[in-house]
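Shown next: work.cif, containing mmCIF, C-alpha atoms.
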data_upload
#
loop_
_atom_site.label_atom_id
_atom_site.label_comp_id
_atom_site.auth_asym_id
_atom_site.auth_seq_id
_atom_site.Cartn_x
_atom_site.Cartn_y
_atom_site.Cartn_z
CA MET A 229 29.28 -30.14 9.53
CA ARG A 230 25.83 -30.85 8.17
CA PHE A 231 24.29 -29.22 11.18
CA THR A 232 26.15 -25.97 10.62
CA ALA A 233 25.18 -25.81 6.95
CA ARG A 234 21.57 -26.44 7.90
CA THR A 235 21.62 -23.90 10.69
CA LYS A 236 23.13 -21.33 8.40
CA ALA A 237 20.48 -21.88 5.75
CA VAL A 238 17.69 -21.70 8.29
CA LEU A 239 19.09 -18.55 9.86
CA LEU A 240 19.42 -16.99 6.43
CA LEU A 241 15.81 -17.78 5.58
CA MET A 242 14.55 -16.55 8.93
CA THR A 243 16.45 -13.29 8.61
CA ALA A 244 15.08 -12.84 5.10
CA CYS A 245 11.50 -13.38 6.29
CA LEU A 246 11.90 -11.14 9.31
CA GLY A 247 13.67 -8.46 7.31
CA ALA A 248 10.88 -8.44 4.77
CA LEU A 249 8.27 -8.10 7.50
CA LEU A 250 10.06 -5.41 9.47
CA ALA A 251 11.15 -3.41 6.45
CA ALA A 252 7.52 -3.10 5.42
CA SER A 253 5.97 0.00 6.84
CA ALA A 254 2.80 0.11 8.90
CA HIS A 255 0.93 0.26 5.62
CA ALA A 256 1.52 -3.49 5.36
CA HIS A 257 0.88 -4.03 1.72
CA ASN A 258 -0.94 -1.08 0.35
CA ILE A 259 0.20 0.97 -2.54
CA ALA A 260 2.53 3.64 -1.16
CA ASP A 261 1.13 7.06 -0.25
CA GLY A 262 2.88 8.99 -3.00
CA ASP A 263 1.71 6.52 -5.62
CA ALA A 264 -1.81 6.73 -4.20
CA ALA A 265 -1.81 10.50 -4.66
CA PHE A 266 -0.64 10.03 -8.21
CA VAL A 267 -3.46 7.61 -8.99
CA ALA A 268 -6.04 9.85 -7.28
CA GLY A 269 -4.92 12.83 -9.36
CA ASN A 270 -4.87 10.83 -12.56
CA ALA A 271 -7.61 10.83 -15.13
CA GLY A 272 -7.39 9.09 -18.46
CA ALA A 273 -5.16 6.32 -19.70
CA ALA A 274 -1.68 6.22 -18.21
CA VAL A 275 -0.11 3.01 -19.51
CA PHE A 276 3.43 3.22 -18.21
CA PRO A 277 2.71 4.61 -14.74
CA PHE A 278 0.25 1.78 -14.11
CA ILE A 279 2.66 -0.83 -15.47
CA TYR A 280 5.22 0.57 -13.07
CA LEU A 281 2.78 0.52 -10.13
CA GLY A 282 1.80 -3.09 -10.89
CA ALA A 283 5.40 -4.21 -11.14
CA LYS A 284 6.35 -2.34 -7.96
CA HIS A 285 3.40 -3.84 -6.11
CA MET A 286 4.50 -7.34 -7.04
CA VAL A 287 8.24 -6.90 -6.45
CA THR A 288 7.63 -5.37 -3.01
CA GLY A 289 4.73 -7.72 -2.21
CA TYR A 290 6.32 -10.25 0.10
CA ASP A 291 3.10 -12.22 0.51
CA HIS A 292 2.91 -12.92 -3.23
CA LEU A 293 6.66 -13.62 -3.35
CA LEU A 294 6.56 -16.04 -0.39
CA PHE A 295 3.77 -17.99 -2.10
CA LEU A 296 5.73 -18.10 -5.36
CA ALA A 297 8.83 -19.24 -3.46
CA GLY A 298 6.73 -22.09 -2.06
CA VAL A 299 5.35 -22.95 -5.50
CA VAL A 300 8.76 -23.20 -7.21
CA PHE A 301 10.54 -24.74 -4.21
CA PHE A 302 10.60 -28.26 -5.70
CA LEU A 303 10.29 -27.24 -9.34
CA SER A 304 13.56 -27.40 -11.23
CA ARG A 305 12.44 -27.96 -14.83
CA PRO A 306 11.70 -24.68 -16.65
CA GLY A 307 8.60 -26.21 -18.29
CA GLN A 308 7.08 -27.01 -14.91
CA ILE A 309 7.86 -23.55 -13.54
CA VAL A 310 6.21 -21.92 -16.56
CA GLN A 311 3.16 -24.19 -16.19
CA TYR A 312 2.58 -23.43 -12.50
CA VAL A 313 3.33 -19.73 -12.77
CA THR A 314 1.00 -19.42 -15.77
CA LEU A 315 -1.80 -21.01 -13.73
CA PHE A 316 -1.10 -18.54 -10.93
CA ALA A 317 -1.07 -15.63 -13.41
CA ILE A 318 -4.37 -16.74 -15.00
CA GLY A 319 -5.92 -17.00 -11.54
CA HIS A 320 -4.90 -13.58 -10.28
CA SER A 321 -5.57 -11.82 -13.59
CA ILE A 322 -9.17 -13.09 -13.66
CA THR A 323 -10.04 -11.75 -10.21
CA LEU A 324 -7.96 -8.57 -10.55
CA ILE A 325 -9.80 -7.49 -13.69
CA PHE A 326 -13.19 -8.91 -12.72
CA GLY A 327 -12.97 -7.57 -9.16
CA VAL A 328 -12.22 -4.01 -10.23
CA LEU A 329 -14.61 -3.90 -13.21
CA ALA A 330 -17.51 -5.49 -11.30
CA ASP A 331 -16.67 -3.20 -8.38
CA ILE A 332 -16.53 -6.06 -5.89
CA HIS A 333 -15.23 -4.71 -2.59
CA ALA A 334 -13.81 -7.58 -0.60
CA ASN A 335 -12.39 -6.95 2.89
CA ALA A 336 -8.71 -6.23 2.21
CA TYR A 337 -7.53 -7.68 5.55
CA LEU A 338 -9.43 -10.92 5.15
CA ILE A 339 -8.28 -11.35 1.55
CA ASP A 340 -4.71 -10.77 2.70
CA ALA A 341 -5.31 -13.32 5.47
CA VAL A 342 -6.35 -15.89 2.84
CA ILE A 343 -3.22 -15.00 0.87
CA ALA A 344 -1.19 -15.67 4.05
CA LEU A 345 -3.03 -19.00 4.36
CA SER A 346 -1.96 -19.81 0.80
CA VAL A 347 1.65 -19.54 1.98
CA VAL A 348 0.89 -21.89 4.90
CA TYR A 349 -0.88 -24.31 2.56
CA LYS A 350 1.99 -24.36 0.06
CA ALA A 351 4.53 -24.99 2.83
CA LEU A 352 2.32 -27.81 4.16
CA GLU A 353 2.21 -29.36 0.70
CA ASN A 354 6.01 -29.06 0.31
CA MET A 355 6.49 -30.72 3.70
CA GLY A 356 4.57 -33.74 2.43
CA ALA A 357 1.78 -33.24 4.92
CA LEU A 358 -0.87 -33.94 2.31
CA ASP A 359 0.80 -37.03 0.81
CA ARG A 360 -1.06 -39.49 2.97
CA LEU A 361 -4.42 -38.17 1.91
CA GLY A 362 -4.29 -40.55 -1.07
CA ARG A 363 -7.00 -39.80 -3.56
CA TRP A 364 -8.16 -36.90 -1.38
CA HIS A 365 -4.87 -35.15 -2.05
CA PRO A 366 -5.76 -31.78 -3.58
CA ASP A 367 -4.54 -31.29 -7.12
CA THR A 368 -1.47 -29.06 -6.81
CA ARG A 369 -2.17 -27.29 -10.11
CA LEU A 370 -5.75 -26.60 -9.14
CA ALA A 371 -4.60 -25.29 -5.75
CA VAL A 372 -2.22 -22.82 -7.41
CA LEU A 373 -5.01 -21.65 -9.71
CA ILE A 374 -7.50 -21.21 -6.86
CA PHE A 375 -5.05 -19.41 -4.59
CA GLY A 376 -4.15 -17.31 -7.64
CA LEU A 377 -7.79 -16.18 -7.66
CA PHE A 378 -7.43 -14.97 -4.07
CA HIS A 379 -4.14 -13.22 -4.79
CA GLY A 380 -5.94 -11.43 -7.65
CA PHE A 381 -8.68 -10.27 -5.28
CA GLY A 382 -5.91 -8.92 -3.05
CA LEU A 383 -4.47 -6.99 -5.99
CA ALA A 384 -7.95 -5.72 -6.85
CA THR A 385 -8.69 -4.48 -3.31
CA SER A 386 -5.38 -2.65 -3.03
CA LEU A 387 -6.04 -1.00 -6.39
CA GLN A 388 -9.60 -0.12 -5.33
CA GLU A 389 -8.36 1.63 -2.18
CA LEU A 390 -7.14 4.33 -4.52
CA GLU A 391 -9.68 6.56 -6.12
CA LEU A 392 -9.60 5.10 -9.59
CA ASN A 393 -10.95 7.45 -12.20
CA PRO A 394 -13.45 5.72 -14.53
CA ASP A 395 -11.79 7.60 -17.39
CA GLY A 396 -9.31 5.18 -18.93
CA LEU A 397 -10.03 2.54 -16.27
CA ILE A 398 -9.80 -0.52 -18.52
CA ILE A 399 -6.51 0.51 -20.10
CA ASN A 400 -5.05 1.41 -16.71
CA LEU A 401 -6.27 -1.88 -15.24
CA ILE A 402 -4.73 -3.92 -18.03
CA SER A 403 -1.51 -1.89 -17.71
CA PHE A 404 -1.46 -2.62 -13.96
CA ASN A 405 -2.00 -6.31 -14.71
CA ILE A 406 0.87 -6.33 -17.24
CA GLY A 407 3.02 -4.63 -14.62
CA VAL A 408 2.07 -7.32 -12.09
CA GLU A 409 3.24 -10.02 -14.51
CA ILE A 410 6.49 -8.15 -15.22
CA GLY A 411 7.09 -7.76 -11.49
CA GLN A 412 6.32 -11.43 -11.00
CA ILE A 413 8.86 -12.42 -13.65
CA ILE A 414 11.48 -10.18 -12.00
CA GLY A 415 10.82 -11.55 -8.51
CA LEU A 416 10.55 -15.11 -9.74
CA SER A 417 13.81 -15.04 -11.70
CA LEU A 418 15.65 -13.99 -8.54
CA ILE A 419 13.92 -16.71 -6.50
CA VAL A 420 14.50 -19.42 -9.14
CA ALA A 421 18.14 -18.37 -9.58
CA ALA A 422 18.73 -18.51 -5.82
CA PHE A 423 16.97 -21.88 -5.50
CA SER A 424 18.86 -23.46 -8.41
CA LEU A 425 22.15 -22.41 -6.83
CA TRP A 426 21.03 -23.68 -3.45
CA ARG A 427 19.71 -26.96 -4.94
CA LYS A 428 23.26 -27.97 -5.95
CA HIS A 429 24.33 -27.74 -2.33
CA PRO A 430 23.62 -30.67 0.02
CA SER A 431 22.02 -28.27 2.50
CA PHE A 432 19.03 -27.94 0.14
CA ALA A 433 17.88 -31.55 0.51
CA ASN A 434 18.76 -31.62 4.20
CA THR A 435 16.86 -28.50 5.04
CA ALA A 436 13.96 -28.72 2.58
CA PHE A 437 11.60 -29.84 5.33
CA ILE A 438 12.69 -27.28 7.91
CA SER A 439 12.92 -24.50 5.30
CA ASN A 440 9.28 -25.06 4.48
CA ALA A 441 8.48 -25.01 8.18
CA VAL A 442 10.12 -21.57 8.27
CA LEU A 443 8.06 -20.58 5.21
CA MET A 444 4.98 -21.78 7.08
CA ALA A 445 5.98 -19.69 10.11
CA ALA A 446 6.22 -16.64 7.84
CA GLY A 447 2.75 -17.48 6.49
CA PHE A 448 1.37 -17.78 10.02
CA MET A 449 3.00 -14.44 10.92
CA LEU A 450 1.32 -12.74 7.97
CA LEU A 451 -1.97 -14.40 8.90
CA ILE A 452 -1.84 -13.18 12.51
CA TYR A 453 -0.67 -9.77 11.31
CA GLN A 454 -3.62 -9.37 8.93
CA LEU A 455 -6.19 -10.63 11.44
CA THR A 456 -4.83 -8.23 14.08
CA ALA A 457 -4.84 -5.32 11.64
CA TRP A 458 -8.44 -6.24 10.77
CA GLN A 459 -9.41 -6.21 14.46
CA PHE A 460 -7.69 -2.86 14.96
CA ALA A 461 -9.37 -1.39 11.90
CA SER A 462 -12.93 -2.51 12.72
CA MET B 117 16.91 -35.01 12.79
CA ALA B 118 17.18 -35.27 8.96
CA PRO B 119 13.76 -35.99 7.52
CA HIS B 120 14.76 -39.16 5.63
CA GLN B 121 15.97 -40.83 8.83
CA ASP B 122 12.64 -40.28 10.49
CA SER B 123 10.52 -41.51 7.62
CA HIS B 124 8.92 -44.12 9.86
CA LYS B 125 7.42 -41.45 12.06
CA PRO B 126 6.62 -38.62 9.67
CA ASN B 127 3.34 -37.82 11.34
CA ARG B 128 5.03 -36.86 14.57
CA ASN B 129 7.66 -34.85 12.69
CA LEU B 130 5.00 -32.96 10.82
CA ALA B 131 3.02 -32.20 13.94
CA VAL B 132 6.15 -30.95 15.69
CA ALA B 133 7.18 -28.81 12.70
CA ILE B 134 3.73 -27.29 12.22
CA SER B 135 3.36 -26.51 15.93
CA ALA B 136 6.87 -25.06 16.00
CA ALA B 137 6.09 -22.89 12.98
CA PHE B 138 2.91 -21.66 14.63
CA VAL B 139 4.55 -21.01 18.00
CA ALA B 140 7.49 -19.23 16.33
CA ALA B 141 5.06 -17.06 14.37
CA ILE B 142 3.15 -16.13 17.53
CA ALA B 143 6.39 -15.44 19.41
CA VAL B 144 7.82 -13.16 16.71
CA PHE B 145 4.45 -11.47 16.35
CA VAL B 146 3.96 -10.76 20.06
CA THR B 147 7.55 -9.75 20.79
CA ILE B 148 8.41 -7.80 17.63
CA ILE B 149 5.60 -7.09 15.17
CA LEU B 150 2.93 -6.12 17.70
CA PRO B 151 5.06 -3.40 19.37
CA ALA B 152 6.58 -2.22 16.08
CA GLU B 153 3.46 -2.11 13.92
CA PHE B 154 0.55 -1.76 16.34
CA GLY B 155 2.10 0.11 19.27
CA ARG B 156 1.10 -2.63 21.76
CA ASP B 157 3.83 -4.04 23.95
CA PRO B 158 2.42 -6.80 26.21
CA LEU B 159 5.81 -8.30 27.20
CA GLY B 160 7.92 -5.13 27.24
CA THR B 161 10.09 -6.50 24.43
CA GLY B 162 9.34 -3.56 22.17
CA ARG B 163 10.74 -1.13 24.71
CA MET B 164 13.72 -3.41 25.33
CA LEU B 165 14.56 -3.56 21.61
CA GLY B 166 13.67 0.09 20.98
CA LEU B 167 10.87 -0.88 18.61
CA SER B 168 8.02 0.91 20.33
CA GLY B 169 8.53 4.17 18.46
CA VAL B 170 8.59 2.63 15.01
CA SER B 171 4.85 2.72 14.43
CA GLN B 172 4.54 6.30 15.63
CA ALA B 173 7.39 7.72 13.55
CA THR B 174 6.47 9.32 10.30
CA ALA B 175 9.25 9.14 7.80
CA ASP B 176 8.20 12.33 6.08
CA ALA B 177 7.53 14.67 9.02
CA LEU B 178 9.84 17.24 7.46
CA GLN B 179 9.33 18.42 3.93
CA SER B 180 11.86 20.83 2.62
CA GLN B 181 10.48 23.17 -0.03
CA LEU B 182 12.03 24.74 -3.08
CA GLU B 183 9.52 27.56 -3.51
CA TYR B 184 10.09 30.76 -1.50
CA HIS B 185 8.22 31.15 1.76
CA LYS B 186 5.64 33.96 1.34
CA THR B 187 3.03 35.47 3.59
CA ASP B 188 -0.12 37.02 2.26
CA GLU B 189 -2.76 39.10 3.99
CA VAL B 190 -5.82 40.26 2.06
CA GLU B 191 -9.19 41.77 2.81
CA PHE B 192 -12.28 41.50 0.61
CA ILE B 193 -15.67 43.20 0.77
CA LEU B 194 -18.53 41.00 -0.34
CA GLU B 195 -21.84 42.72 -0.89
CA PRO B 196 -25.01 40.61 -0.78
CA PHE B 197 -24.89 37.85 -3.45
CA GLN B 198 -21.39 38.76 -4.54
CA SER B 199 -18.84 35.99 -4.87
CA LEU B 200 -15.15 35.66 -5.55
CA GLU B 201 -12.40 33.10 -5.85
CA TYR B 202 -8.91 33.46 -4.43
CA LYS B 203 -6.40 30.78 -5.24
CA TYR B 204 -2.68 30.12 -5.03
CA LEU B 205 -0.54 28.62 -7.74
CA MET B 206 1.18 25.73 -5.97
CA ASP B 207 3.18 22.71 -7.04
CA GLN B 208 2.48 19.26 -5.74
CA GLY B 209 3.75 18.90 -2.16
CA ASN B 210 3.82 22.64 -1.46
CA GLY B 211 2.36 23.56 1.92
CA LEU B 212 0.14 26.37 3.14
CA VAL B 213 -1.01 27.48 6.60
CA TYR B 214 -4.11 29.67 6.47
CA SER B 215 -6.83 31.37 8.46
CA TRP B 216 -9.79 33.32 7.18
CA GLN B 217 -12.43 35.15 9.13
CA ALA B 218 -15.52 37.16 8.14
CA ASP B 219 -17.93 39.34 10.03
CA GLY B 220 -20.87 37.41 8.61
CA GLU B 221 -21.58 33.92 7.35
CA LEU B 222 -20.31 33.02 3.88
CA TYR B 223 -20.73 30.01 1.67
CA TYR B 224 -17.26 28.66 0.99
CA ASP B 225 -15.71 25.90 -1.07
CA MET B 226 -12.05 25.08 -0.59
CA HIS B 227 -10.93 23.38 -3.75
CA ALA B 228 -8.10 22.91 -6.18
CA GLU B 229 -7.93 22.93 -9.93
CA ASN B 230 -5.45 20.62 -11.59
CA LEU B 231 -3.31 22.34 -14.21
CA THR B 232 -1.66 19.20 -15.54
CA VAL B 233 -4.83 17.24 -16.22
CA ALA B 234 -7.53 19.26 -17.92
CA ASP B 235 -10.93 19.74 -16.25
CA THR B 236 -9.94 18.10 -13.00
CA GLU B 237 -11.13 19.74 -9.83
CA GLU B 238 -11.01 18.47 -6.30
CA SER B 239 -13.16 19.96 -3.53
CA TYR B 240 -11.87 19.52 0.02
CA ALA B 241 -14.41 21.35 2.14
CA ALA B 242 -17.60 23.29 1.47
CA GLY B 243 -20.36 24.78 3.57
CA ASP B 244 -21.44 27.88 5.44
CA ALA B 245 -19.08 29.42 7.98
CA ASP B 246 -17.59 32.71 9.12
CA ARG B 247 -14.12 31.36 9.74
CA SER B 248 -11.79 28.50 8.99
CA MET B 249 -8.15 27.65 9.46
CA GLY B 250 -5.88 24.81 8.58
CA ALA B 251 -2.76 23.38 7.10
CA TYR B 252 -2.91 22.36 3.48
CA GLU B 253 -0.64 20.39 1.19
CA ALA B 254 -1.13 20.57 -2.56
CA ALA B 255 -1.90 17.13 -3.94
CA PHE B 256 -1.04 18.17 -7.49
CA ASN B 257 0.24 21.12 -9.52
CA GLY B 258 -2.54 23.66 -9.82
CA MET B 259 -4.54 26.50 -8.36
CA HIS B 260 -5.48 25.91 -4.73
CA GLY B 261 -7.83 28.11 -2.73
CA TRP B 262 -11.38 29.19 -2.00
CA PHE B 263 -14.64 30.23 -3.53
CA TRP B 264 -16.67 32.50 -1.23
CA GLU B 265 -20.19 33.75 -1.74
CA ASN B 266 -22.21 36.08 0.42
CA ARG B 267 -25.72 34.60 0.51
CA GLY B 268 -26.99 37.00 3.14
CA PHE B 269 -28.42 40.50 2.97
CA GLU B 270 -25.57 42.28 4.79
CA THR B 271 -22.23 43.30 3.35
CA VAL B 272 -19.50 41.03 4.72
CA THR B 273 -15.83 41.82 5.20
CA LEU B 274 -13.55 38.85 4.80
CA ARG B 275 -9.93 38.71 5.90
CA LEU B 276 -7.47 36.01 4.87
CA GLN B 277 -3.94 35.29 6.04
CA ALA B 278 -1.93 32.59 4.34
CA ALA B 279 1.72 31.69 4.69
CA GLY B 280 3.27 29.04 2.56
CA PHE B 281 5.13 28.00 -0.51
CA TYR B 282 3.18 29.30 -3.47
CA VAL B 283 4.18 31.06 -6.66
CA HIS B 284 1.51 33.74 -6.69
CA ALA B 285 -2.14 34.34 -5.88
CA THR B 286 -4.96 35.03 -8.30
CA GLU B 287 -8.23 36.74 -7.51
CA TYR B 288 -11.18 35.91 -9.76
CA ARG B 289 -14.03 38.32 -9.45
CA GLY B 290 -16.78 39.55 -11.78
CA GLY B 291 -15.46 37.65 -14.79
CA GLY B 292 -11.92 39.05 -14.54
CA SER B 293 -8.80 37.98 -12.69
CA THR B 294 -5.87 39.76 -11.12
CA ASP B 295 -2.60 38.24 -9.97
CA ARG B 296 -0.86 39.16 -6.73
CA THR B 297 2.65 38.15 -5.85
CA PRO B 298 3.38 38.54 -2.15
CA GLU B 299 7.03 39.18 -1.28
CA PRO B 300 9.13 36.29 0.00
CA VAL B 301 9.83 36.61 3.75
CA PHE B 302 13.52 37.13 2.98
CA THR B 303 13.99 39.28 -0.07
CA ASP B 304 17.77 39.41 -0.42
#

Represent the structure of the file as structure tokens.
Amino acid sequence: MRFTARTKAVLLLMTACLGALLAASAHAHNIADGDAAFVAGNAGAAVFPFIYLGAKHMVTGYDHLLFLAGVVFFLSRPGQIVQYVTLFAIGHSITLIFGVLADIHANAYLIDAVIALSVVYKALENMGALDRLGRWHPDTRLAVLIFGLFHGFGLATSLQELELNPDGLIINLISFNIGVEIGQIIGLSLIVAAFSLWRKHPSFANTAFISNAVLMAAGFMLLIYQLTAWQFAS
Amino acid sequence: MAPHQDSHKPNRNLAVAISAAFVAAIAVFVTIILPAEFGRDPLGTGRMLGLSGVSQATADALQSQLEYHKTDEVEFILEPFQSLEYKYLMDQGNGLVYSWQADGELYYDMHAENLTVADTEESYAAGDADRSMGAYEAAFNGMHGWFWENRGFETVTLRLQAAGFYVHATEYRGGGSTDRTPEPVFTD
């Protein structure tokens, strides 16, 4: 009985991860071609289009969503969720805005590889792998903030791949950032709703460990994917 | 197998889970993602699952058009140091197949002028040549075409053929402009 419930949950998770990976086009996690043309042809402030692009980027960004799923996996109190997600938002907003304004061009593949590593790290933490490190255990809040910085660099590089017009850049950048937060709230509410339903079921506690192993596998897959794409591109 | 029953040997459990996660990731990557996304199929699994074509397929190979299909053929005489512009009014996504040829070298600049956003121009190719051909897709609503200038001392005859989905053509020469509307290929 317990085995079937566990197997079902694991299969469901695996299909979700695989589906997300396969549904994504060869453009891994860039802003879609049509949207890119729009941005390239745009000059001046365009608040709502950039909010939309930011939100779309986040909702369809499975790497960001997998990390968030890992972050809220064991968080059930709304206060805690808000605290962690705010730290993540502060982290990625800093590097998104700073990265674009300071014109820092990080390697998109390597940044995405670090983002994939953040998924692996979060799964490792959820599996209790770091518990025996004692006082060397990394602060979980600090980790979310720091990985948030890398996620922000990822957002910045994908925005920089488009030819951003300096005209209206700051307003468009802030609009994109607002969109990212809106998209994050949309994605997160679905994840939190699904987890809170699942948490009531005994399969949640039974499969927490193995579910995070599956999350880690998805992180490894993204990592290998990004490193391979980097090799193919260079 | 439940984690709480094995709490006395969590290290081994962790090692097994992490290795399994890594091996599973490699396996899925090599058998599915590599053939589907990168066109490499080391184990033949991509062919077996029919995934090999995924990375080659372009979802938008066909683009139906709403504008009428028109063909245009024009000839211009450019005396030394004369220049002209010839551009098509096209909507975003409209396509054009063109060839131009001259009996002498001309300076050319293929560019587009955005009509939705003021003062926005995009240049796609510029240089000296006596011929060029290509397929073009309008990136935005505007006027799309060429500037030609004869920088030599001989009169040059330039011929252009363009088939595509444009509204009309406009010739800018000597400070004035004239519109030309080629007939659609099917007029009824």

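Put simply, CA of Ala141 in chain B is 6.6 Å away from CA of Ala446 in chain A.
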
* **For Val190 in chain B: contacts at 9 Å, all atoms listed in the file, fewer than 6 positions along chain excluded, given as an MDAnalysis selection string** => chainID B and resid 274:278

* To do: Check what the PyMOL selection byres ((chain B and resi 195) around 7) selects in the file above and give those residues as a ChimeraX atom specification.
  => /B:193-194,196-198,266,270-272

* **Residue members of the PyMOL selection byres ((chain B) within 7 of (chain A)) in the file shown, as number ranges by chain** => B: 118-119, 130, 133-134, 137-138, 140-142, 145, 153, 171, 255-256

Selection dump of the PyMOL selection byres ((chain B and resi 147) around 9), as a PDB file with C-alpha atoms, in the frame of the given file:
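Final output, saved to result.pdb:
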ATOM      1  CA  ILE B 142       3.150 -16.130  17.530  1.00  0.00           C
ATOM      2  CA  ALA B 143       6.390 -15.440  19.410  1.00  0.00           C
ATOM      3  CA  VAL B 144       7.820 -13.160  16.710  1.00  0.00           C
ATOM      4  CA  PHE B 145       4.450 -11.470  16.350  1.00  0.00           C
ATOM      5  CA  VAL B 146       3.960 -10.760  20.060  1.00  0.00           C
ATOM      6  CA  ILE B 148       8.410  -7.800  17.630  1.00  0.00           C
ATOM      7  CA  ILE B 149       5.600  -7.090  15.170  1.00  0.00           C
ATOM      8  CA  LEU B 150       2.930  -6.120  17.700  1.00  0.00           C
ATOM      9  CA  PRO B 151       5.060  -3.400  19.370  1.00  0.00           C
ATOM     10  CA  ALA B 152       6.580  -2.220  16.080  1.00  0.00           C
ATOM     11  CA  ASP B 157       3.830  -4.040  23.950  1.00  0.00           C
ATOM     12  CA  PRO B 158       2.420  -6.800  26.210  1.00  0.00           C
ATOM     13  CA  LEU B 159       5.810  -8.300  27.200  1.00  0.00           C
ATOM     14  CA  GLY B 160       7.920  -5.130  27.240  1.00  0.00           C
ATOM     15  CA  THR B 161      10.090  -6.500  24.430  1.00  0.00           C
ATOM     16  CA  GLY B 162       9.340  -3.560  22.170  1.00  0.00           C
TER      17      GLY B 162
END

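Every protein, DNA or RNA residue with an atom at most 7 Å from range 293-299 of chain A, where only C-alpha atoms count and chain neighbours fewer than 5 positions away do not, is listed here: A:Ser346, A:Val347, A:Lys350, A:Ala351, A:Gly415, A:Ile419.
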
* Asked: When distances are computed from all atoms listed in the file, which of B:Val233, B:Met164, B:Met206, B:Met226 shows the smallest separation from Asn257 in chain B?
  ->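 Checking each candidate against Asn257 in chain B, we get B:Met206 as the closest.
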
Tell me, as a JSON list (two decimals) with C-alpha atoms, in the coordinates of the input, which residues lie within 9 Å of Gly396 in chain A, counting all atoms listed in the file; anything in the same chain fewer than 2 positions away does not count.
[["chain", "number", "residue", "atom", "x", "y", "z"],
["A", 271, "ALA", "CA", -7.61, 10.83, -15.13],
["A", 272, "GLY", "CA", -7.39, 9.09, -18.46],
["A", 273, "ALA", "CA", -5.16, 6.32, -19.70],
["A", 274, "ALA", "CA", -1.68, 6.22, -18.21],
["A", 393, "ASN", "CA", -10.95, 7.45, -12.20],
["A", 394, "PRO", "CA", -13.45, 5.72, -14.53],
["A", 398, "ILE", "CA", -9.80, -0.52, -18.52],
["A", 399, "ILE", "CA", -6.51, 0.51, -20.10],
["A", 400, "ASN", "CA", -5.05, 1.41, -16.71],
["A", 401, "LEU", "CA", -6.27, -1.88, -15.24]]

* CA of Val328 in chain A and CA of Pro366 in chain A are how many Å apart? ->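 Distance between the two atoms: 29.3 Å.
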
Hey, can I get the axis-aligned box for range 344-357 of chain A? All listed atoms, 4 Å padding on each side, centre and edge lengths in Å to one decimal, as JSON.
{"center_x": 1.7, "center_y": -24.7, "center_z": 2.5, "size_x": 17.5, "size_y": 26.1, "size_z": 12.9}

Can you pull out the residues contacting Ala336 in chain A? Cut-off 10 Å, using only C-alpha atoms, and skip same-chain residues under 2 positions away; I want them as a PDB file with C-alpha atoms, keeping the file's coordinate frame.
ATOM      1  CA  HIS A 257       0.880  -4.030   1.720  1.00  0.00           C
ATOM      2  CA  ASN A 258      -0.940  -1.080   0.350  1.00  0.00           C
ATOM      3  CA  HIS A 333     -15.230  -4.710  -2.590  1.00  0.00           C
ATOM      4  CA  ALA A 334     -13.810  -7.580  -0.600  1.00  0.00           C
ATOM      5  CA  LEU A 338      -9.430 -10.920   5.150  1.00  0.00           C
ATOM      6  CA  ILE A 339      -8.280 -11.350   1.550  1.00  0.00           C
ATOM      7  CA  ASP A 340      -4.710 -10.770   2.700  1.00  0.00           C
ATOM      8  CA  ALA A 341      -5.310 -13.320   5.470  1.00  0.00           C
ATOM      9  CA  VAL A 342      -6.350 -15.890   2.840  1.00  0.00           C
ATOM     10  CA  PHE A 381      -8.680 -10.270  -5.280  1.00  0.00           C
ATOM     11  CA  GLY A 382      -5.910  -8.920  -3.050  1.00  0.00           C
ATOM     12  CA  LEU A 383      -4.470  -6.990  -5.990  1.00  0.00           C
ATOM     13  CA  ALA A 384      -7.950  -5.720  -6.850  1.00  0.00           C
ATOM     14  CA  THR A 385      -8.690  -4.480  -3.310  1.00  0.00           C
ATOM     15  CA  SER A 386      -5.380  -2.650  -3.030  1.00  0.00           C
ATOM     16  CA  GLN A 388      -9.600  -0.120  -5.330  1.00  0.00           C
ATOM     17  CA  GLU A 389      -8.360   1.630  -2.180  1.00  0.00           C
ATOM     18  CA  GLN A 454      -3.620  -9.370   8.930  1.00  0.00           C
ATOM     19  CA  TRP A 458      -8.440  -6.240  10.770  1.00  0.00           C
TER      20      TRP A 458
END
